[in-house]
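Notes to accompany the following structure.
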Amino acid sequence: MTSTTTATAPLLFENLTKNYAGQVALNAINLKIPAGHVVGLLGRNGAGKTTLLQVAAGLVLPTAGTCRTLGQRSDLLDSPELTRLGFVMQEAKFIEWMTVAQHLEFTASYYPNWDRDLQQRLTGILEVPVKRKIAELSTGDRQKVGILLGVCHRPALLLLDEPMSALDPIVRARMLDVILERLRDDGCTVVISSHLLSDVEKIVDWIVALEAGRVVENCALDELQESFAEWTVTAPDGSPLPAFTAPFILTQQRSERLVRLTVRTSEPDAVENFAASHGVTAQSRRLSLDEIFPLLLAAKKEVR
Amino acid sequence: MKLLIYLRFLRPLRSLKTVAFYTGIGGWAFGQTLFHLDPKTAWLIALAVALPLLLGIFIAGAAHEPMHRPFALLLPGIRERQRAAATVSVLIAALATTCGAAWASPSVSPPAIFGLACALISFPCIDRHQVLGGLGSGLASVAIWLFTCLAVGPNLGPTLNCFPWIFLLGGLAISTICQVNGFLRESLRSRAHTPFIAYQTIFCSYLFHRGMVARWQAEISARRTQSRQGSSATGRDWKVHSVGPTSFDWIRVFWHANFGGRKRGSFVGVQMTFAIMTLINAAIASGIACMTHHHQFWDNLARLAAPELMYGIPLAMLQPGMIVLCALALPLQRLAYPISRERLARVEFWQITVQSAAALVIITASILLASLIGQFVSGKLLAGYGLPALLTVDLQMAVLLPLFVAAGKLRRPSFRILAGIPIVAAMMLTVFTTSHWIDRIFTLPGVLLLLIAIAFSQWVLWRRLHRLYATTDMVVGTSFTSPLLLGTATPR
């Protein structure tokens with residue numbers, strides 16, 4: 001994401017560090033997220049995803065470095081930027097005594113461009129119980145309310161922190177449709193942090209992976225998926241296969257007649273060259289994000 | 001639409017009812033009976049000081065409440081809008097106050113009252129609700145009102161008349177400063193991370209939505225524990241390998257659940273805190289009685305244990321009031337323990353019994369200690385050093401306290417109120433009629449009757465808990481106000 005200029009990047013982190021009581025949550029993050037992309041923010045528990053999004057939304061102040069959100073320093077966000085920013089929190093704390101409808105009305109009153117038609121439609125799609133008090137809602141319903149509050153003002157930058165963790169598969173699918181629709185209609189930038197990688201994979205076009213507060217991967221999803229593959233290797237005569245060694249081989253799983261290799265390489269003809277050089281037949285399969293994620297972190301851990 | 005939303009936070013009807021009630025109490029009950037002010041002065045202080053302070057607490061509560069959630073940092077222009085709403089409310093309330101005070105005291109300068117009202121109504125806006133469980137502005141308002149009653153008193157009217165324009169301009173300046181300070185950008189960040197619910201909301205929620213209040217208390221307690229100890233603090237280790245079979249073994253488990261999350265604090269520590277609070281309250285009550293009745297401080301302190309009702313309600317109600325507060329100090333954390341509902345009921349019963357017994361002993365001993373100091377310093381010794389009178393109240397409280405707790409465990413809010421009111425009335429009656437009972441109680445039939453009554457009230461409490469635990473959902477913790485004040489609620 002280096003081709004985009006600072007001016008058009010809705011999110012820009014420069015040497016951003018955040019410490020909590022002596023523990024490093026984010027460590028010198030340098031990251032630029034350009035407009036119009038859907039970015040998947042991946043990482044294990046405690047990797048710093050939530051902190052990164054909270055810093056971007058101005059909820060948490062950086063210990064060092066800066067974060068610019070929609071062109072403004074995140075600690076100085078004010079009405080011009082906040083009207084264009086949407087944030088769906090993992091565990092939002094609402095005003096418990098209000099009904100959902102009252103809370104929506106309350107939040108809508110702060111946004112000049114609140115889309116009541118969209119609110120109406122999403123309320124139906126996500127099956128939000130608008131007449132119930134927030135205090136009485138289940139975790140899933142609270143998450144739905146959080147989504148409504150985050151998207152109905154049609155933000156230019158939408159930050160989603162585990163927005164679907166408590167939703168059932170049907171509502172999750174509808175939620176993904178909503179995000180896709182928003183992208184089609186408004187072309188907004190979305191940063192989504194989620195452990196549900198199979199869902200994330202359907203909508204994101206860029207991946208940022210964090211591990212222990214550092215960015216360990218920052219590339220297009222296609223590029224990432226093209227570089228990882230699983231090769232099924234067999235000997236033409238059915239004879240036992242030797243152990244393979246090559247720098248791009250990440251793991252190998254052996255059975256009686258075949259070996260499964262997981263590899264990371266950017267060479268376009270790598271599988272053909274490998275088969276030719278070892279005198280074997282090899283078939284390549286593209287890996288899903290779910291399969292890539294552990295390999296990605298394991299590879300980075302070895303490098304460090 | 002925006003006005004309607006603000007009114008939803010302000011809850012005008014509920015706020016006005018509460019304000020009117022406390023202004024009436026301040027003007028009549030306390031101003032005239034406790035502080036012996038003449039009716040005109042008492043009403044002027046009530047309308048020009050107590051009323052604006054109360055209005056300010058409710059207005060600031062409504063303006064601040066939406067800012068005390070993390071999402072407030074994301075709402076565009078929230079500070080400006082809440083400040084505008086507060087400013088308009090302050091002006092309307094100050095005008096209404098001026099009309100009321102001018103009607104009650106036509107000789108006092110209206111511009112001066114208006115200035116004073118603006119300053120006092122705006123004063124609670126500076127409260128960031130970070131300390132004392134968010135009760136800071138409420139306690140400061142009581143202090144201002146007490147100071148006006150005790151130190152200014154009848155001079156308030158003449159002082160206002162002497163410097164009307166200074167009061168007007170000074171009041172408006174203070175009002176502006178308070179409102180600017182209360183809605184600063186810097187303060188929004190600290191507010192957003194500290195939960196606060198306005199008084200007008202919490203009043204009824206205590207009775208009708210306990211689950212909501214329990215969650216709020218847990219949240220605020222967690223925040224306080226975290227800010228005191230740091231986020232990486234680990235609390236204490238549980239060193240018992242296996243819990244024994246008796247209910248008292250499980251009481252230890254629950255005490256650990258209450259105190260284990262903190263470095264300091266224990267069951268004994270809570271009792272000591274209440275003992276110290278009782279001594280401080282005894283000194284304050286004696287001091288106030290000293291100022292209003294012109295008696296010696298040590299005489300007043302000595303008379304805390306006197307059977308006759310001497311100086312009105314606050315002094316006399318110290319013993320039952322503190323006993324009730326102390327008895328409700330420890331909540332039972334309904335966590336996932338591997339014991340049956342029956343056992344949980346039994347554990348809670350014994351925990352309440354232990355805590356109630358401790359409250360009866362500790363509070364009575366503290367009042368006796370304060371009284372003894374007063375008696376020896378003043379040289380005016382009471383019959384039996386005042387012990388019989390204190391024990392009379394104590395024994396009657398031993399009957400009423402389990403009934404009070406049992407009433408609080410009723411499922412329906414309306415039943416809780418209906419059952420609680422007569423018990424509270426009976427508690428007050430015990431104090432007012434101490435001298436009547438003192439000779440009757442320490443006889444064989446009196447002691448027998450008391451023992452039967454105590455056994456009966458304990459049985460009522462046991463039946464209630466047994467029934468409650470057989471039918472209740474085990475997902476919401478029980479809690480009262482004191483874990484909030486003491487910070488003993490364990491964050492979950």
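Letters for chains follow the order of the structure tokens (A, B, ...), residue numbers begin at 1 for each chain, and ligand numbers begin at 1 in the order shown.
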Where does DSSP see helix (DSSP H, G or I) in segment 112-244 of chain A, if you list the residues as an MDAnalysis selection string?
chainID A and resid 116:125 134:136 139:151 169:186 197:203 221:227
For C-alpha atoms, I'd like the residues from the last selection saved as a compact mmCIF listing (two decimals), in the first residue's frame.
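Done, and the output landed in selection.txt:
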```txt
# COMPACT_ATOMS: atom_id res chain seq x y z
CA ARG A 116 -33.31 6.44 8.10
CA ASP A 117 -34.21 4.24 5.12
CA LEU A 118 -30.99 2.28 5.59
CA GLN A 119 -31.72 2.04 9.33
CA GLN A 120 -35.22 0.73 8.59
CA ARG A 121 -33.92 -1.79 6.09
CA LEU A 122 -31.05 -3.02 8.26
CA THR A 123 -33.35 -3.34 11.26
CA GLY A 124 -35.40 -5.78 9.20
CA ILE A 125 -32.47 -7.61 7.63
CA ILE A 134 -30.73 -2.54 25.61
CA ALA A 135 -30.27 -4.08 29.09
CA GLU A 136 -32.49 -7.01 28.06
CA THR A 139 -24.98 -10.55 23.17
CA GLY A 140 -25.86 -11.16 19.52
CA ASP A 141 -28.62 -8.54 19.52
CA ARG A 142 -26.30 -6.02 21.17
CA GLN A 143 -23.81 -6.65 18.40
CA LYS A 144 -26.52 -6.03 15.81
CA VAL A 145 -27.37 -2.71 17.48
CA GLY A 146 -23.68 -1.80 17.39
CA ILE A 147 -23.60 -2.52 13.66
CA LEU A 148 -26.68 -0.35 13.05
CA LEU A 149 -25.17 2.53 15.03
CA GLY A 150 -21.90 2.21 13.13
CA VAL A 151 -23.15 2.16 9.55
CA PRO A 169 -24.42 -17.84 10.38
CA ILE A 170 -27.58 -16.53 8.70
CA VAL A 171 -27.24 -13.02 10.13
CA ARG A 172 -23.50 -13.13 9.44
CA ALA A 173 -24.16 -13.78 5.77
CA ARG A 174 -26.65 -10.91 5.68
CA MET A 175 -24.16 -8.66 7.45
CA LEU A 176 -21.52 -9.42 4.82
CA ASP A 177 -24.05 -8.55 2.12
CA VAL A 178 -24.67 -5.24 3.88
CA ILE A 179 -20.96 -4.42 3.88
CA LEU A 180 -20.63 -5.36 0.23
CA GLU A 181 -23.65 -3.21 -0.59
CA ARG A 182 -22.16 -0.28 1.27
CA LEU A 183 -18.96 -0.70 -0.72
CA ARG A 184 -20.86 -0.80 -3.98
CA ASP A 185 -22.98 2.24 -3.16
CA ASP A 186 -20.54 4.52 -1.36
CA LEU A 197 -11.52 -15.88 8.44
CA SER A 198 -13.81 -17.75 6.07
CA ASP A 199 -16.23 -14.81 6.29
CA VAL A 200 -13.51 -12.16 6.07
CA GLU A 201 -12.11 -13.84 2.97
CA LYS A 202 -15.36 -13.23 1.11
CA ILE A 203 -15.14 -9.45 1.34
CA LEU A 221 -5.29 -10.90 -0.47
CA ASP A 222 -4.78 -12.26 -4.00
CA GLU A 223 -1.03 -11.84 -3.74
CA LEU A 224 -1.06 -13.62 -0.39
CA GLN A 225 -3.20 -16.48 -1.66
CA GLU A 226 -1.08 -16.86 -4.79
CA SER A 227 2.10 -17.13 -2.76
```
When you look at segment 142-159 of chain B with a cut-off of 8 Å (counting only C-alpha atoms), what residues show up, excluding the ones that are within fewer than 4 positions of it in the same chain? I need them as a list in words.
Gly31, Phe35, Leu37, Asp38, Thr41, Ala42, Leu44, Ile45, Val49, Ala50, Val108, Gly138, Phe163, Met291 and Thr292 of chain B
Would you save the residues of that selection, restricted to C-alpha atoms, as a compact mmCIF listing (two decimals), in the first residue's frame?
```txt
# COMPACT_ATOMS: atom_id res chain seq x y z
CA GLY B 31 -33.94 24.24 58.40
CA PHE B 35 -31.04 24.16 62.76
CA LEU B 37 -33.82 28.85 61.74
CA ASP B 38 -36.79 31.17 61.54
CA THR B 41 -34.71 32.23 56.57
CA ALA B 42 -35.23 28.48 56.33
CA LEU B 44 -34.96 31.44 51.68
CA ILE B 45 -32.06 29.01 52.15
CA VAL B 49 -29.52 27.42 47.95
CA ALA B 50 -30.92 23.88 48.33
CA VAL B 108 -34.46 39.98 48.90
CA GLY B 138 -24.09 15.43 45.71
CA PHE B 163 -24.18 43.25 47.05
CA MET B 291 -23.88 24.41 66.66
CA THR B 292 -27.67 24.40 66.46
```
May I have all residues of segment 129-200 of chain A that DSSP, computed from the backbone, assigns to strand (DSSP E), given as JSON, numbers by chain?
{"A": [157, 158, 159, 160, 161, 189, 190, 191, 192, 193]}
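Within 6 Å of chain A, and counting only C-alpha atoms, chain B contributes Leu74, Pro76 and Gly77 of chain B.
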For the residues selected in the previous step, produce a file with C-alpha atoms as a PDB file, in the first residue's frame.
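Final output, selection29.pdb:
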```
ATOM      1  CA  LEU B  74     -17.388   9.092  18.349  1.00  0.00           C
ATOM      2  CA  PRO B  76     -19.862  14.508  16.499  1.00  0.00           C
ATOM      3  CA  GLY B  77     -20.478  17.670  18.508  1.00  0.00           C
TER       4      GLY B  77
END
```
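You will find atom CA of Leu287 of chain A at 5.5 Å from atom CA of Ala229 of chain A.
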Residues near Leu261 of chain A, cut-off 7 Å, only C-alpha atoms, skip fewer than 6 positions along chain, as number ranges by chain
A: 230-232, 249, 251-253
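Interatomic distance, atom CA of Gly71 of chain A against atom CA of Leu26 of chain A: 21.0 Å.
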Report as a ChimeraX atom specification all protein, DNA and RNA residues lying within 12 Å of Val354 of chain B, evaluated on only C-alpha atoms, omitting residues in the same chain fewer than 3 positions from it.
/B:247-248,251-252,255,267-268,271,326-330,347-351,357-362,398,402,458
